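One file, my_file30.csv, carrying CSV, C-alpha atoms:
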chain,number,residue,atom,x,y,z
A,1,MET,CA,122.4,77.6,79.7
A,2,SER,CA,118.8,78.2,80.6
A,3,LYS,CA,118.2,81.0,83.2
A,4,VAL,CA,117.3,79.8,86.7
A,5,LEU,CA,115.8,82.1,89.3
A,6,SER,CA,116.5,82.1,93.0
A,7,MET,CA,113.8,82.3,95.6
A,8,GLU,CA,115.0,85.9,96.4
A,9,GLU,CA,114.4,86.9,92.8
A,10,VAL,CA,110.9,85.5,92.9
A,11,LEU,CA,110.1,87.2,96.2
A,12,ARG,CA,111.2,90.5,94.8
A,13,ALA,CA,108.6,90.2,92.1
A,14,ILE,CA,105.9,89.1,94.6
A,15,ASN,CA,106.7,91.9,97.0
A,16,ARG,CA,105.9,94.5,94.4
A,17,ILE,CA,102.3,93.6,94.7
A,18,PRO,CA,100.4,96.0,97.1
A,19,LEU,CA,99.3,94.9,100.6
A,20,TYR,CA,95.6,95.1,101.6
A,21,ARG,CA,93.7,95.4,104.8
A,22,LEU,CA,90.1,95.1,106.0
A,23,ASP,CA,88.7,98.2,107.8
A,24,PRO,CA,85.3,98.2,109.5
A,25,LEU,CA,82.6,100.2,107.8
A,26,PRO,CA,82.2,103.6,109.5
A,27,GLU,CA,79.4,103.6,112.2
A,28,ILE,CA,77.5,106.3,110.4
A,29,TYR,CA,76.4,103.6,107.9
A,30,SER,CA,73.8,100.9,108.5
A,31,ASN,CA,74.9,97.3,109.1
A,32,ALA,CA,78.3,98.5,110.2
A,33,ASN,CA,78.9,95.4,112.2
A,34,ARG,CA,78.5,93.1,109.1
A,35,LYS,CA,80.4,95.1,106.5
A,36,PHE,CA,84.1,95.8,105.8
A,37,ILE,CA,86.1,97.9,103.4
A,38,ILE,CA,89.1,96.6,101.5
A,39,VAL,CA,91.9,99.2,101.5
A,40,ASN,CA,95.1,99.3,99.5
A,41,GLU,CA,97.6,99.9,102.4
A,42,LYS,CA,100.1,101.9,100.3
A,43,SER,CA,97.6,104.3,98.6
A,44,GLY,CA,94.9,104.2,101.3
A,45,GLU,CA,92.3,103.7,98.5
A,46,ALA,CA,89.1,101.9,99.4
A,47,ILE,CA,88.5,99.4,96.5
A,48,ALA,CA,85.5,97.3,97.7
A,49,MET,CA,83.0,96.7,100.4
A,50,VAL,CA,82.5,93.1,101.6
A,51,SER,CA,80.5,91.1,104.1
A,52,ASP,CA,81.7,89.4,107.3
A,53,LYS,CA,81.8,86.1,105.5
A,54,TYR,CA,84.5,87.4,103.1
A,55,LEU,CA,88.1,85.9,103.4
A,56,LEU,CA,90.9,88.4,102.6
A,57,VAL,CA,93.6,86.4,100.9
A,58,GLN,CA,96.7,88.5,101.0
A,59,PRO,CA,98.3,88.1,97.5
A,60,ARG,CA,101.9,88.5,98.7
A,61,ARG,CA,101.4,85.8,101.3
A,62,ILE,CA,99.5,83.3,99.2
A,63,PHE,CA,101.9,83.7,96.1
A,64,THR,CA,104.9,83.3,98.4
A,65,ARG,CA,103.5,80.0,99.6
A,66,ILE,CA,102.7,78.9,96.1
A,67,ALA,CA,106.3,79.7,95.0
A,68,GLU,CA,107.7,77.7,97.9
A,69,VAL,CA,105.8,74.7,96.8
A,70,ALA,CA,106.7,75.3,93.1
A,71,PHE,CA,110.5,75.4,94.0
A,72,LYS,CA,110.1,71.9,95.3
A,73,MET,CA,108.6,70.8,92.0
A,74,GLY,CA,111.5,72.1,89.8
A,75,LYS,CA,113.8,75.0,88.9
A,76,ILE,CA,112.1,78.3,88.0
A,77,HIS,CA,113.0,79.9,84.7
A,78,ASN,CA,110.9,83.0,84.9
A,79,VAL,CA,108.4,84.9,87.1
A,80,LYS,CA,105.8,87.5,86.2
A,81,THR,CA,103.5,89.4,88.6
A,82,TYR,CA,100.9,92.0,87.7
A,83,TRP,CA,97.8,93.5,89.2
A,84,TYR,CA,95.0,96.0,88.7
A,85,ASN,CA,91.8,97.1,90.5
A,86,GLY,CA,91.8,94.3,93.1
A,87,ILE,CA,93.0,91.5,90.9
A,88,GLN,CA,96.5,90.1,91.3
A,89,CYS,CA,98.3,87.5,89.1
A,90,MET,CA,101.5,85.5,89.3
A,91,GLU,CA,103.0,83.3,86.5
A,92,LEU,CA,105.9,80.9,87.3
A,93,ILE,CA,107.6,79.1,84.4
A,94,PHE,CA,109.7,76.1,85.0
A,95,SER,CA,113.0,75.4,83.3
A,96,GLU,CA,111.9,71.8,82.5
A,97,ARG,CA,111.1,71.3,78.8
A,98,LEU,CA,108.5,68.9,77.5
A,99,TYR,CA,108.5,67.9,73.8
A,100,SER,CA,105.3,67.1,72.0
A,101,ILE,CA,104.4,66.4,68.4
A,102,ASP,CA,104.5,70.0,67.2
A,103,SER,CA,107.0,71.8,69.4
A,104,GLY,CA,109.1,72.0,72.6
A,105,TYR,CA,107.2,73.5,75.6
A,106,ARG,CA,108.0,75.0,78.9
A,107,TRP,CA,105.2,74.8,81.5
A,108,GLY,CA,104.3,76.6,84.6
A,109,ILE,CA,101.8,77.6,87.3
A,110,ARG,CA,99.5,80.6,87.0
A,111,ALA,CA,97.9,81.9,90.2
A,112,THR,CA,95.1,84.5,90.2
A,113,ASN,CA,93.8,86.2,93.3
A,114,SER,CA,91.1,88.9,93.8
A,115,VAL,CA,91.1,90.8,97.0
A,116,THR,CA,87.6,92.1,96.1
A,117,GLY,CA,86.3,88.5,95.9
A,118,LYS,CA,85.0,89.0,92.4
A,119,ARG,CA,86.8,85.8,91.3
A,120,SER,CA,88.1,82.7,93.0
A,121,LEU,CA,91.7,82.1,94.1
A,122,THR,CA,92.8,79.9,91.2
A,123,ILE,CA,95.9,77.9,90.3
A,124,HIS,CA,96.1,76.7,86.7
A,125,LEU,CA,98.6,75.4,84.3
A,126,MET,CA,100.2,77.5,81.6
A,127,ILE,CA,102.5,76.5,78.7
A,128,TRP,CA,105.1,78.4,76.7
A,129,ARG,CA,105.4,77.1,73.1
A,130,GLU,CA,108.9,77.4,71.8
A,131,GLU,CA,107.9,77.0,68.1
A,132,CYS,CA,106.2,80.4,68.0
A,133,ARG,CA,107.1,81.8,71.4
A,134,ASN,CA,103.6,82.2,72.7
A,135,ASP,CA,101.8,81.6,76.0
A,136,MET,CA,98.7,79.5,76.5
A,137,PHE,CA,96.6,79.0,79.6
A,138,LEU,CA,95.1,75.7,80.4
A,139,MET,CA,91.9,75.4,82.5
A,140,PHE,CA,93.4,72.5,84.5
A,141,GLY,CA,93.8,73.2,88.2
A,142,ASN,CA,92.0,74.2,91.4
A,143,ALA,CA,90.0,77.1,92.8
A,144,ILE,CA,88.8,78.3,96.2
A,145,LEU,CA,86.1,81.0,96.8
A,146,HIS,CA,86.9,83.9,99.1
A,147,ILE,CA,84.8,82.9,102.1
A,148,ILE,CA,85.9,82.3,105.6
A,149,TYR,CA,84.8,78.7,105.6
A,150,ASN,CA,87.5,77.9,103.0
A,151,LEU,CA,90.4,79.1,105.1
A,152,ASN,CA,91.5,75.5,106.0
A,153,LYS,CA,91.2,74.4,102.3
A,154,ILE,CA,93.7,76.9,101.0
A,155,GLU,CA,96.8,74.9,102.1
A,156,LYS,CA,95.4,71.8,100.5
A,157,LEU,CA,94.9,73.8,97.3
A,158,ILE,CA,98.5,74.9,97.3
A,159,THR,CA,100.2,71.7,98.3
A,160,LYS,CA,98.4,69.9,95.4
A,161,LEU,CA,99.6,72.2,92.6
A,162,PRO,CA,98.6,70.8,89.2
A,163,ARG,CA,101.5,69.2,87.3
A,164,LEU,CA,101.9,69.0,83.6
A,165,THR,CA,103.0,65.6,82.1
A,166,LYS,CA,104.0,64.8,78.6
A,167,GLU,CA,101.1,62.3,78.4
A,168,TYR,CA,98.6,65.0,79.3
A,169,LEU,CA,100.1,67.5,76.9
A,170,ASP,CA,100.2,65.0,74.0
A,171,ASN,CA,96.6,64.1,74.7
A,172,LEU,CA,95.5,67.7,74.8
A,173,ILE,CA,97.2,68.5,71.5
A,174,LYS,CA,95.9,65.4,69.7
A,175,LYS,CA,92.3,66.1,71.0
A,176,ASN,CA,92.4,69.6,69.5
A,177,LEU,CA,94.2,68.6,66.3
A,178,ASN,CA,91.4,66.1,65.7
A,179,SER,CA,88.7,68.7,66.3
A,180,ILE,CA,88.0,70.1,62.8
A,181,ILE,CA,86.3,73.5,62.7
A,182,SER,CA,83.8,74.5,59.9
A,183,LYS,CA,83.8,77.9,58.4
A,184,LYS,CA,80.5,78.7,60.2
A,185,GLU,CA,81.9,77.5,63.6
A,186,LEU,CA,85.1,79.5,63.0
A,187,GLY,CA,83.0,82.7,62.6
A,188,LYS,CA,81.2,82.0,65.9
A,189,LEU,CA,84.4,81.2,67.8
A,190,LEU,CA,86.1,84.4,66.5
A,191,SER,CA,83.1,86.5,67.5
A,192,TYR,CA,84.2,86.1,71.2
A,193,PHE,CA,87.4,88.1,70.5
A,194,PRO,CA,88.0,91.8,69.7
A,195,ARG,CA,88.4,92.5,66.1
A,196,TYR,CA,92.1,93.4,66.3
A,197,ILE,CA,92.7,89.8,67.5
A,198,SER,CA,90.2,88.0,65.3
A,199,GLY,CA,90.7,89.9,62.1
A,200,PRO,CA,94.3,88.9,61.3
A,201,VAL,CA,93.5,85.3,62.3
A,202,GLU,CA,90.4,85.1,60.1
A,203,ILE,CA,92.4,86.4,57.1
A,204,LYS,CA,95.2,83.9,57.7
A,205,LEU,CA,93.0,80.8,58.3
A,206,LYS,CA,90.0,81.3,56.0
A,207,LYS,CA,91.6,79.4,53.1
A,208,ILE,CA,92.5,76.4,55.3
A,209,ASP,CA,90.0,73.5,54.6
A,210,ASP,CA,90.9,71.3,57.6
A,211,LEU,CA,91.2,73.9,60.2
A,212,ASN,CA,91.5,72.5,63.7
A,213,ARG,CA,91.2,73.9,67.2
A,214,TRP,CA,94.9,73.6,68.0
A,215,LEU,CA,95.9,75.7,65.0
A,216,LEU,CA,93.2,78.3,65.9
A,217,ALA,CA,94.2,78.4,69.5
A,218,ASN,CA,97.9,78.9,68.6
A,219,GLU,CA,97.1,81.7,66.1
A,220,LEU,CA,95.0,83.5,68.6
A,221,SER,CA,97.4,83.1,71.5
A,222,TYR,CA,100.3,84.3,69.3
A,223,ILE,CA,98.6,87.7,69.0
A,224,ALA,CA,97.3,87.7,72.5
A,225,THR,CA,100.8,87.0,74.0
A,226,ARG,CA,102.0,90.2,72.4
A,227,GLU,CA,99.4,92.4,74.1
A,228,PHE,CA,101.5,94.8,76.2
A,229,LYS,CA,98.9,95.3,79.0
A,230,PRO,CA,99.3,92.2,81.2
A,231,LEU,CA,95.8,91.9,82.5
A,232,LYS,CA,94.3,92.4,79.1
A,233,ARG,CA,96.7,89.8,77.7
A,234,ALA,CA,95.6,87.4,80.5
A,235,LYS,CA,91.9,87.9,79.8
A,236,LEU,CA,92.5,87.1,76.1
A,237,LEU,CA,94.5,84.0,77.0
A,238,GLU,CA,91.8,82.9,79.5
A,239,LEU,CA,89.2,83.4,76.8
A,240,ILE,CA,91.1,81.1,74.4
A,241,ALA,CA,91.5,78.5,77.1
A,242,ARG,CA,87.7,78.5,77.8
A,243,LYS,CA,86.2,79.0,74.3
A,244,ILE,CA,88.7,77.3,72.0
A,245,LEU,CA,90.5,74.4,73.7
A,246,LEU,CA,89.0,71.0,74.4
A,247,TYR,CA,90.5,69.1,77.4
A,248,PRO,CA,91.3,65.3,77.8

Representation of the structure as structure tokens:
Amino acid sequence: MSKVLSMEEVLRAINRIPLYRLDPLPEIYSNANRKFIIVNEKSGEAIAMVSDKYLLVQPRRIFTRIAEVAFKMGKIHNVKTYWYNGIQCMELIFSERLYSIDSGYRWGIRATNSVTGKRSLTIHLMIWREECRNDMFLMFGNAILHIIYNLNKIEKLITKLPRLTKEYLDNLIKKNLNSIISKKELGKLLSYFPRYISGPVEIKLKKIDDLNRWLLANELSYIATREFKPLKRAKLLELIARKILLYP
């Protein structure tokens, strides 16, 4: 029987993420009344300086709220949280399976927060392909900038979590299967990736005449999924989602 997580198990993963606070800039500096310092509460480390328009989105709080909504959408099979240098991520995989033309899939929600404000609070879809046991991110979802004017928009962002349907998945796969890549285009697409990712893929695919985007995305994500550094893995999967995949 497929593993199903309780809310308590998901919360344990979320509560490993550090807490953060905003401290006023010391008065010895200019513009002290308009600047704040973001501090890691556990370590006391100051990680960024922000303006008074910045909205601190506490990752534990926002991820907990996302998880609460996700539990209403289905049973949770797996949860993963990771963070580094002001960026925090949570991945929730549902137990529900979707079957498409090439494999069975599990799907989930990926949320990314940045307490430094360097990137938006985002909620996107992700899929786990059973055929080759690899993750893929899909740039289908919502995002909110870290500014105080968006405070009231966050709840709307969360309560309207993106949902993956079989129809959308089938259309996504067909669109990318039908997008044939020339040898010249293959070289350009692979140039976006580090050589340890692109090299093995290039060797494996260079003899294929009718190479398509779906095959390329799966070969790249197969290697990227096995990157043991979670944020590095995430950056590679995001790059595949942005540079390789076409969306319905």

Sorted by chain and rising residue number, which residues of segment 139-188 of chain A lie within 8 Å of segment 235-248 of chain A, and what are their closest atom pairs and distances in Å to one decimal, counting all atoms listed in the file, as a tab-separated table?
residue	atom	partner	partner_atom	distance
A:Met139	CA	A:Ala241	CA	6.2
A:Tyr168	CA	A:Pro248	CA	7.5
A:Asn171	CA	A:Pro248	CA	6.3
A:Leu172	CA	A:Pro248	CA	5.7
A:Lys175	CA	A:Leu246	CA	6.8
A:Asn176	CA	A:Leu246	CA	6.1

**Q.** Residues within 6 Å of segment 214-230 of chain A, all atoms listed in the file, excluding chain neighbours under 5 positions, as a PyMOL selection string
**A.** chain A and resi 134-135+176-177

Q: Rounded to one decimal place, report the atom CA of Lys166 of chain A-atom CA of Ala143 of chain A distance in Å.
A: 23.4 Å

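The space separating atom CA of Ser100 of chain A from atom CA of Thr165 of chain A comes to 10.5 Å.
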
Q. Got a sec: who's within 12 Å of Leu56 of chain A, counting only C-alpha atoms, leaving out chain neighbours fewer than 5 positions off, as a ChimeraX atom specification?
A. /A:19-23,36-39,48-51,61-62,86,113-118,120-121,145-151,154

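The interatomic distance for the pair atom CA of Thr159 of chain A and atom CA of His124 of chain A works out to 13.3 Å.
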
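Here the question is which of A:Leu211, A:Ile87, A:Leu161, A:Leu190 gets nearest to Leu231 of chain A using all atoms listed in the file, and that residue is A:Ile87.
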
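If all atoms listed in the file are the atoms counted, then among A:Cys132, A:Ile197, A:Ile180, A:Leu189 the closest residue to Arg213 of chain A is A:Ile180.
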
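For the choices A:Lys174, A:Lys183, A:Arg60, A:Lys3, the atom-to-atom distance to Lys75 of chain A is smallest for A:Lys3 when using all atoms listed in the file.
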
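Considering only C-alpha atoms, the residue among A:Arg129, A:Ser43, A:Lys72, A:Ala13 positioned nearest to Glu91 of chain A is A:Ala13.
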